[in-house]
Structures are given as structure tokens and as C-alpha cells.
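In what follows, a structure is listed as C-alpha cells, so that the remarks can point back to it.
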Amino acid sequence: PLQEADVVIVGTWVHGLFVVGQAPFGINAIGHLPALRGKVAATYCTFALNPGKTLDRLDRAVSGLGADVIGGLALHRSRLHEHAEEFAVRLVANVPVRA
């Protein structure tokens, strides 16, 4: 279950028009996730043209659930492999080690 996780990763794709009105798809559903107090979280979004402020909105939604958001990344859909590797490297570098 989510409450037993040490790290939570929340991601979605960018929804909206090509260069205006971008938002995280399903942002309302994300707001209904269980409380994440005391959890470390990372976020990501995938996009085709321009992510706009999607990642910032996603970070705020996850922070609003009580998580400590340590960062995120917007991944271009034509460069998913490369961007996923970068996301993984950043995640490993920023997740605090539990004693």
C-alpha cells in the first residue's frame, strides 16, 4: 500500500492545447490520493510540445497532500528513454538515506 512506501513517484501527461492551457491530466484525481505526510515524493510529466507549468502544478498538488517533494522532471515523449534515465539519476541523488 501507498502508506508503506518510502518514496512516492507521481506522474501524468500534459493535457491541454498545444501551447496554452497545459495542466497535469487527472489533477483532481491526484488531489484525492491518500495523505502523504512524512513521505518523500518525486513528480514527472510527459509532453509533446510544451509542458508549460504542468510540473509546478503537479508539485503543488503532491505537496498539498503533505509530501516532501524533492523534485521532478518534464519528459519529452520523443526522448523518453534519455529523460527517464536522467529522472532516475536525479531521484537516486536526492532521496534521503534512511538510517
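Residues are named by chain letter and number: chains run A, B, ... in the order of the C-alpha cells, numbers start at 1 in each chain, and ligands are numbered from 1 in the order shown.
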Fill in: In segment 2-70 of chain A, DSSP strand (DSSP E or B) residues written as an MDAnalysis selection string
chainID A and resid 7:15 23:24 40:47 68:70
Would you mind exporting C-alpha atoms of the selected residues as an mmCIF file, in the first residue's frame?
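Output below, filename out-v5.cif:
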```cif
data_model
loop_
_atom_site.group_PDB
_atom_site.id
_atom_site.type_symbol
_atom_site.label_atom_id
_atom_site.label_comp_id
_atom_site.auth_asym_id
_atom_site.auth_seq_id
_atom_site.Cartn_x
_atom_site.Cartn_y
_atom_site.Cartn_z
ATOM 1 C CA VAL A 7 9.284 7.156 -1.757
ATOM 2 C CA VAL A 8 6.249 8.014 -3.870
ATOM 3 C CA ILE A 9 6.524 8.896 -7.563
ATOM 4 C CA VAL A 10 3.558 10.697 -9.091
ATOM 5 C CA GLY A 11 3.365 11.298 -12.812
ATOM 6 C CA THR A 12 0.955 12.132 -15.585
ATOM 7 C CA TRP A 13 0.904 13.514 -19.075
ATOM 8 C CA VAL A 14 0.322 17.118 -20.070
ATOM 9 C CA HIS A 15 -3.268 17.819 -21.029
ATOM 10 C CA ALA A 23 -2.236 21.081 -16.974
ATOM 11 C CA PRO A 24 -1.490 17.716 -15.421
ATOM 12 C CA VAL A 40 9.328 11.777 0.109
ATOM 13 C CA ALA A 41 7.868 12.302 -3.365
ATOM 14 C CA ALA A 42 9.121 12.975 -6.870
ATOM 15 C CA THR A 43 6.992 14.052 -9.809
ATOM 16 C CA TYR A 44 7.138 13.829 -13.569
ATOM 17 C CA CYS A 45 5.063 14.667 -16.605
ATOM 18 C CA THR A 46 5.319 13.649 -20.235
ATOM 19 C CA PHE A 47 4.681 16.130 -23.018
ATOM 20 C CA ASP A 68 8.119 16.471 0.778
ATOM 21 C CA VAL A 69 8.565 16.893 -2.994
ATOM 22 C CA ILE A 70 12.255 16.575 -3.790
#
```
Check the DSSP output for the backbone and give back, as a PDB file with N, CA, C and O atoms, in the first residue's frame, the residues of chain A in helix (DSSP H, G or I).
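The file below, result_8.pdb, is the result:
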```pdb
ATOM      1  N   LEU A   2       0.258   2.319  -0.442  1.00  0.00           N
ATOM      2  CA  LEU A   2       0.936   3.600  -0.544  1.00  0.00           C
ATOM      3  C   LEU A   2       1.523   4.054   0.783  1.00  0.00           C
ATOM      4  O   LEU A   2       2.630   4.590   0.832  1.00  0.00           O
ATOM      5  N   GLN A   3       0.820   3.827   1.859  1.00  0.00           N
ATOM      6  CA  GLN A   3       1.279   4.295   3.169  1.00  0.00           C
ATOM      7  C   GLN A   3       2.549   3.596   3.640  1.00  0.00           C
ATOM      8  O   GLN A   3       3.228   4.088   4.522  1.00  0.00           O
ATOM      9  N   GLU A   4       2.902   2.457   3.067  1.00  0.00           N
ATOM     10  CA  GLU A   4       4.114   1.740   3.455  1.00  0.00           C
ATOM     11  C   GLU A   4       5.327   2.131   2.616  1.00  0.00           C
ATOM     12  O   GLU A   4       6.442   1.711   2.909  1.00  0.00           O
ATOM     13  N   ILE A  27      -5.494  15.954 -12.566  1.00  0.00           N
ATOM     14  CA  ILE A  27      -5.051  16.678 -11.368  1.00  0.00           C
ATOM     15  C   ILE A  27      -6.056  16.547 -10.224  1.00  0.00           C
ATOM     16  O   ILE A  27      -5.669  16.463  -9.063  1.00  0.00           O
ATOM     17  N   ASN A  28      -7.337  16.480 -10.531  1.00  0.00           N
ATOM     18  CA  ASN A  28      -8.339  16.319  -9.467  1.00  0.00           C
ATOM     19  C   ASN A  28      -8.217  14.960  -8.799  1.00  0.00           C
ATOM     20  O   ASN A  28      -8.356  14.842  -7.584  1.00  0.00           O
ATOM     21  N   ALA A  29      -7.939  13.919  -9.578  1.00  0.00           N
ATOM     22  CA  ALA A  29      -7.758  12.583  -9.008  1.00  0.00           C
ATOM     23  C   ALA A  29      -6.514  12.529  -8.133  1.00  0.00           C
ATOM     24  O   ALA A  29      -6.510  11.888  -7.078  1.00  0.00           O
ATOM     25  N   ILE A  30      -5.467  13.210  -8.549  1.00  0.00           N
ATOM     26  CA  ILE A  30      -4.240  13.249  -7.750  1.00  0.00           C
ATOM     27  C   ILE A  30      -4.523  13.892  -6.402  1.00  0.00           C
ATOM     28  O   ILE A  30      -4.029  13.440  -5.366  1.00  0.00           O
ATOM     29  N   THR A  54       2.948  22.670 -15.982  1.00  0.00           N
ATOM     30  CA  THR A  54       2.361  21.413 -15.531  1.00  0.00           C
ATOM     31  C   THR A  54       3.112  20.823 -14.344  1.00  0.00           C
ATOM     32  O   THR A  54       2.507  20.402 -13.358  1.00  0.00           O
ATOM     33  N   LEU A  55       4.422  20.772 -14.419  1.00  0.00           N
ATOM     34  CA  LEU A  55       5.204  20.172 -13.345  1.00  0.00           C
ATOM     35  C   LEU A  55       5.058  20.959 -12.049  1.00  0.00           C
ATOM     36  O   LEU A  55       4.927  20.368 -10.968  1.00  0.00           O
ATOM     37  N   ASP A  56       5.035  22.277 -12.131  1.00  0.00           N
ATOM     38  CA  ASP A  56       4.824  23.111 -10.929  1.00  0.00           C
ATOM     39  C   ASP A  56       3.467  22.811 -10.301  1.00  0.00           C
ATOM     40  O   ASP A  56       3.351  22.704  -9.075  1.00  0.00           O
ATOM     41  N   ARG A  57       2.442  22.686 -11.125  1.00  0.00           N
ATOM     42  CA  ARG A  57       1.093  22.390 -10.607  1.00  0.00           C
ATOM     43  C   ARG A  57       1.046  21.006  -9.973  1.00  0.00           C
ATOM     44  O   ARG A  57       0.415  20.807  -8.937  1.00  0.00           O
ATOM     45  N   LEU A  58       1.722  20.065 -10.577  1.00  0.00           N
ATOM     46  CA  LEU A  58       1.779  18.712 -10.030  1.00  0.00           C
ATOM     47  C   LEU A  58       2.522  18.710  -8.700  1.00  0.00           C
ATOM     48  O   LEU A  58       2.078  18.093  -7.729  1.00  0.00           O
ATOM     49  N   ASP A  59       3.644  19.421  -8.630  1.00  0.00           N
ATOM     50  CA  ASP A  59       4.398  19.537  -7.371  1.00  0.00           C
ATOM     51  C   ASP A  59       3.520  20.121  -6.268  1.00  0.00           C
ATOM     52  O   ASP A  59       3.532  19.637  -5.133  1.00  0.00           O
ATOM     53  N   ARG A  60       2.778  21.170  -6.585  1.00  0.00           N
ATOM     54  CA  ARG A  60       1.902  21.799  -5.573  1.00  0.00           C
ATOM     55  C   ARG A  60       0.818  20.829  -5.109  1.00  0.00           C
ATOM     56  O   ARG A  60       0.503  20.771  -3.911  1.00  0.00           O
ATOM     57  N   ALA A  61       0.245  20.070  -6.028  1.00  0.00           N
ATOM     58  CA  ALA A  61      -0.804  19.119  -5.655  1.00  0.00           C
ATOM     59  C   ALA A  61      -0.261  18.043  -4.730  1.00  0.00           C
ATOM     60  O   ALA A  61      -0.891  17.690  -3.729  1.00  0.00           O
ATOM     61  N   VAL A  62       0.915  17.519  -5.032  1.00  0.00           N
ATOM     62  CA  VAL A  62       1.508  16.467  -4.212  1.00  0.00           C
ATOM     63  C   VAL A  62       1.976  17.036  -2.872  1.00  0.00           C
ATOM     64  O   VAL A  62       1.792  16.409  -1.829  1.00  0.00           O
ATOM     65  N   SER A  63       2.531  18.236  -2.886  1.00  0.00           N
ATOM     66  CA  SER A  63       2.901  18.892  -1.625  1.00  0.00           C
ATOM     67  C   SER A  63       1.669  19.133  -0.766  1.00  0.00           C
ATOM     68  O   SER A  63       1.729  19.019   0.458  1.00  0.00           O
ATOM     69  N   GLY A  64       0.558  19.462  -1.402  1.00  0.00           N
ATOM     70  CA  GLY A  64      -0.690  19.699  -0.681  1.00  0.00           C
ATOM     71  C   GLY A  64      -1.202  18.467   0.044  1.00  0.00           C
ATOM     72  O   GLY A  64      -1.997  18.571   0.982  1.00  0.00           O
ATOM     73  N   ARG A  77       8.128  13.288 -24.952  1.00  0.00           N
ATOM     74  CA  ARG A  77       7.723  11.941 -25.355  1.00  0.00           C
ATOM     75  C   ARG A  77       8.619  11.334 -26.432  1.00  0.00           C
ATOM     76  O   ARG A  77       8.694  10.114 -26.558  1.00  0.00           O
ATOM     77  N   SER A  78       9.322  12.139 -27.207  1.00  0.00           N
ATOM     78  CA  SER A  78      10.226  11.576 -28.220  1.00  0.00           C
ATOM     79  C   SER A  78      11.602  11.255 -27.639  1.00  0.00           C
ATOM     80  O   SER A  78      12.435  10.671 -28.326  1.00  0.00           O
ATOM     81  N   ARG A  79      11.827  11.616 -26.369  1.00  0.00           N
ATOM     82  CA  ARG A  79      13.115  11.363 -25.721  1.00  0.00           C
ATOM     83  C   ARG A  79      12.919  10.674 -24.374  1.00  0.00           C
ATOM     84  O   ARG A  79      13.679  10.885 -23.443  1.00  0.00           O
ATOM     85  N   LEU A  80      11.892   9.831 -24.284  1.00  0.00           N
ATOM     86  CA  LEU A  80      11.551   9.205 -23.007  1.00  0.00           C
ATOM     87  C   LEU A  80      12.698   8.394 -22.418  1.00  0.00           C
ATOM     88  O   LEU A  80      12.951   8.463 -21.212  1.00  0.00           O
ATOM     89  N   HIS A  81      13.390   7.636 -23.226  1.00  0.00           N
ATOM     90  CA  HIS A  81      14.469   6.794 -22.704  1.00  0.00           C
ATOM     91  C   HIS A  81      15.548   7.656 -22.040  1.00  0.00           C
ATOM     92  O   HIS A  81      15.944   7.414 -20.904  1.00  0.00           O
ATOM     93  N   GLU A  82      15.993   8.667 -22.761  1.00  0.00           N
ATOM     94  CA  GLU A  82      17.028   9.568 -22.233  1.00  0.00           C
ATOM     95  C   GLU A  82      16.537  10.312 -20.996  1.00  0.00           C
ATOM     96  O   GLU A  82      17.233  10.392 -19.989  1.00  0.00           O
ATOM     97  N   HIS A  83      15.347  10.857 -21.054  1.00  0.00           N
ATOM     98  CA  HIS A  83      14.811  11.623 -19.927  1.00  0.00           C
ATOM     99  C   HIS A  83      14.503  10.736 -18.729  1.00  0.00           C
ATOM    100  O   HIS A  83      14.662  11.162 -17.586  1.00  0.00           O
ATOM    101  N   ALA A  84      14.054   9.507 -18.972  1.00  0.00           N
ATOM    102  CA  ALA A  84      13.792   8.586 -17.862  1.00  0.00           C
ATOM    103  C   ALA A  84      15.087   8.266 -17.120  1.00  0.00           C
ATOM    104  O   ALA A  84      15.102   8.170 -15.888  1.00  0.00           O
ATOM    105  N   GLU A  85      16.171   8.101 -17.857  1.00  0.00           N
ATOM    106  CA  GLU A  85      17.467   7.870 -17.209  1.00  0.00           C
ATOM    107  C   GLU A  85      17.863   9.077 -16.356  1.00  0.00           C
ATOM    108  O   GLU A  85      18.336   8.913 -15.234  1.00  0.00           O
ATOM    109  N   GLU A  86      17.679  10.261 -16.885  1.00  0.00           N
ATOM    110  CA  GLU A  86      18.002  11.475 -16.131  1.00  0.00           C
ATOM    111  C   GLU A  86      17.138  11.563 -14.874  1.00  0.00           C
ATOM    112  O   GLU A  86      17.624  11.902 -13.795  1.00  0.00           O
ATOM    113  N   PHE A  87      15.858  11.237 -14.995  1.00  0.00           N
ATOM    114  CA  PHE A  87      14.954  11.256 -13.852  1.00  0.00           C
ATOM    115  C   PHE A  87      15.438  10.280 -12.780  1.00  0.00           C
ATOM    116  O   PHE A  87      15.484  10.608 -11.595  1.00  0.00           O
ATOM    117  N   ALA A  88      15.816   9.079 -13.190  1.00  0.00           N
ATOM    118  CA  ALA A  88      16.290   8.070 -12.240  1.00  0.00           C
ATOM    119  C   ALA A  88      17.566   8.526 -11.539  1.00  0.00           C
ATOM    120  O   ALA A  88      17.700   8.377 -10.309  1.00  0.00           O
ATOM    121  N   VAL A  89      18.492   9.111 -12.271  1.00  0.00           N
ATOM    122  CA  VAL A  89      19.736   9.599 -11.678  1.00  0.00           C
ATOM    123  C   VAL A  89      19.446  10.695 -10.663  1.00  0.00           C
ATOM    124  O   VAL A  89      19.969  10.690  -9.537  1.00  0.00           O
ATOM    125  N   ARG A  90      18.587  11.635 -11.005  1.00  0.00           N
ATOM    126  CA  ARG A  90      18.221  12.712 -10.076  1.00  0.00           C
ATOM    127  C   ARG A  90      17.519  12.160  -8.836  1.00  0.00           C
ATOM    128  O   ARG A  90      17.767  12.606  -7.723  1.00  0.00           O
ATOM    129  N   LEU A  91      16.646  11.201  -9.048  1.00  0.00           N
ATOM    130  CA  LEU A  91      15.911  10.608  -7.936  1.00  0.00           C
ATOM    131  C   LEU A  91      16.867   9.948  -6.948  1.00  0.00           C
ATOM    132  O   LEU A  91      16.814  10.201  -5.747  1.00  0.00           O
ATOM    133  N   VAL A  92      17.766   9.120  -7.455  1.00  0.00           N
ATOM    134  CA  VAL A  92      18.738   8.440  -6.587  1.00  0.00           C
ATOM    135  C   VAL A  92      19.610   9.455  -5.860  1.00  0.00           C
ATOM    136  O   VAL A  92      19.917   9.283  -4.667  1.00  0.00           O
ATOM    137  N   ALA A  93      19.990  10.513  -6.524  1.00  0.00           N
ATOM    138  CA  ALA A  93      20.865  11.518  -5.906  1.00  0.00           C
ATOM    139  C   ALA A  93      20.142  12.330  -4.826  1.00  0.00           C
ATOM    140  O   ALA A  93      20.806  12.860  -3.928  1.00  0.00           O
ATOM    141  N   ASN A  94      18.831  12.426  -4.909  1.00  0.00           N
ATOM    142  CA  ASN A  94      18.102  13.313  -3.989  1.00  0.00           C
ATOM    143  C   ASN A  94      17.260  12.627  -2.923  1.00  0.00           C
ATOM    144  O   ASN A  94      16.757  13.287  -2.026  1.00  0.00           O
TER     145      ASN A  94
END
```
Item to complete: For Val20 of chain A, list every protein, DNA or RNA residue within 12 Å, evaluated using only C-alpha atoms, and leave out those in the same chain fewer than 6 positions away; present the list as a ChimeraX atom specification.
Response: /A:14,49-54
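One finds atom CA of Lys39 of chain A at 13.2 Å from atom CA of Gly71 of chain A.
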Practice prompt. Quote the spacing between atom CA of Ala48 of chain A and atom CA of His76 of chain A in Å to one decimal place.
Written response: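 Calculated distance between atom CA of Ala48 of chain A and atom CA of His76 of chain A is 5.9 Å.
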Discussion item. Let me make sure I understand: among A:Leu65, A:Leu17, A:Val97, A:Ala74, which one has the smallest atom-to-atom distance to Pro34 of chain A if we use only C-alpha atoms?
Written reply: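 Using only C-alpha atoms, the shortest distance to Pro34 of chain A belongs to A:Leu65.
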Worksheet item: What does the distance from atom CA of Gly66 of chain A to atom CA of Ala5 of chain A come to in Å, to one decimal?
Response: 14.1 Å
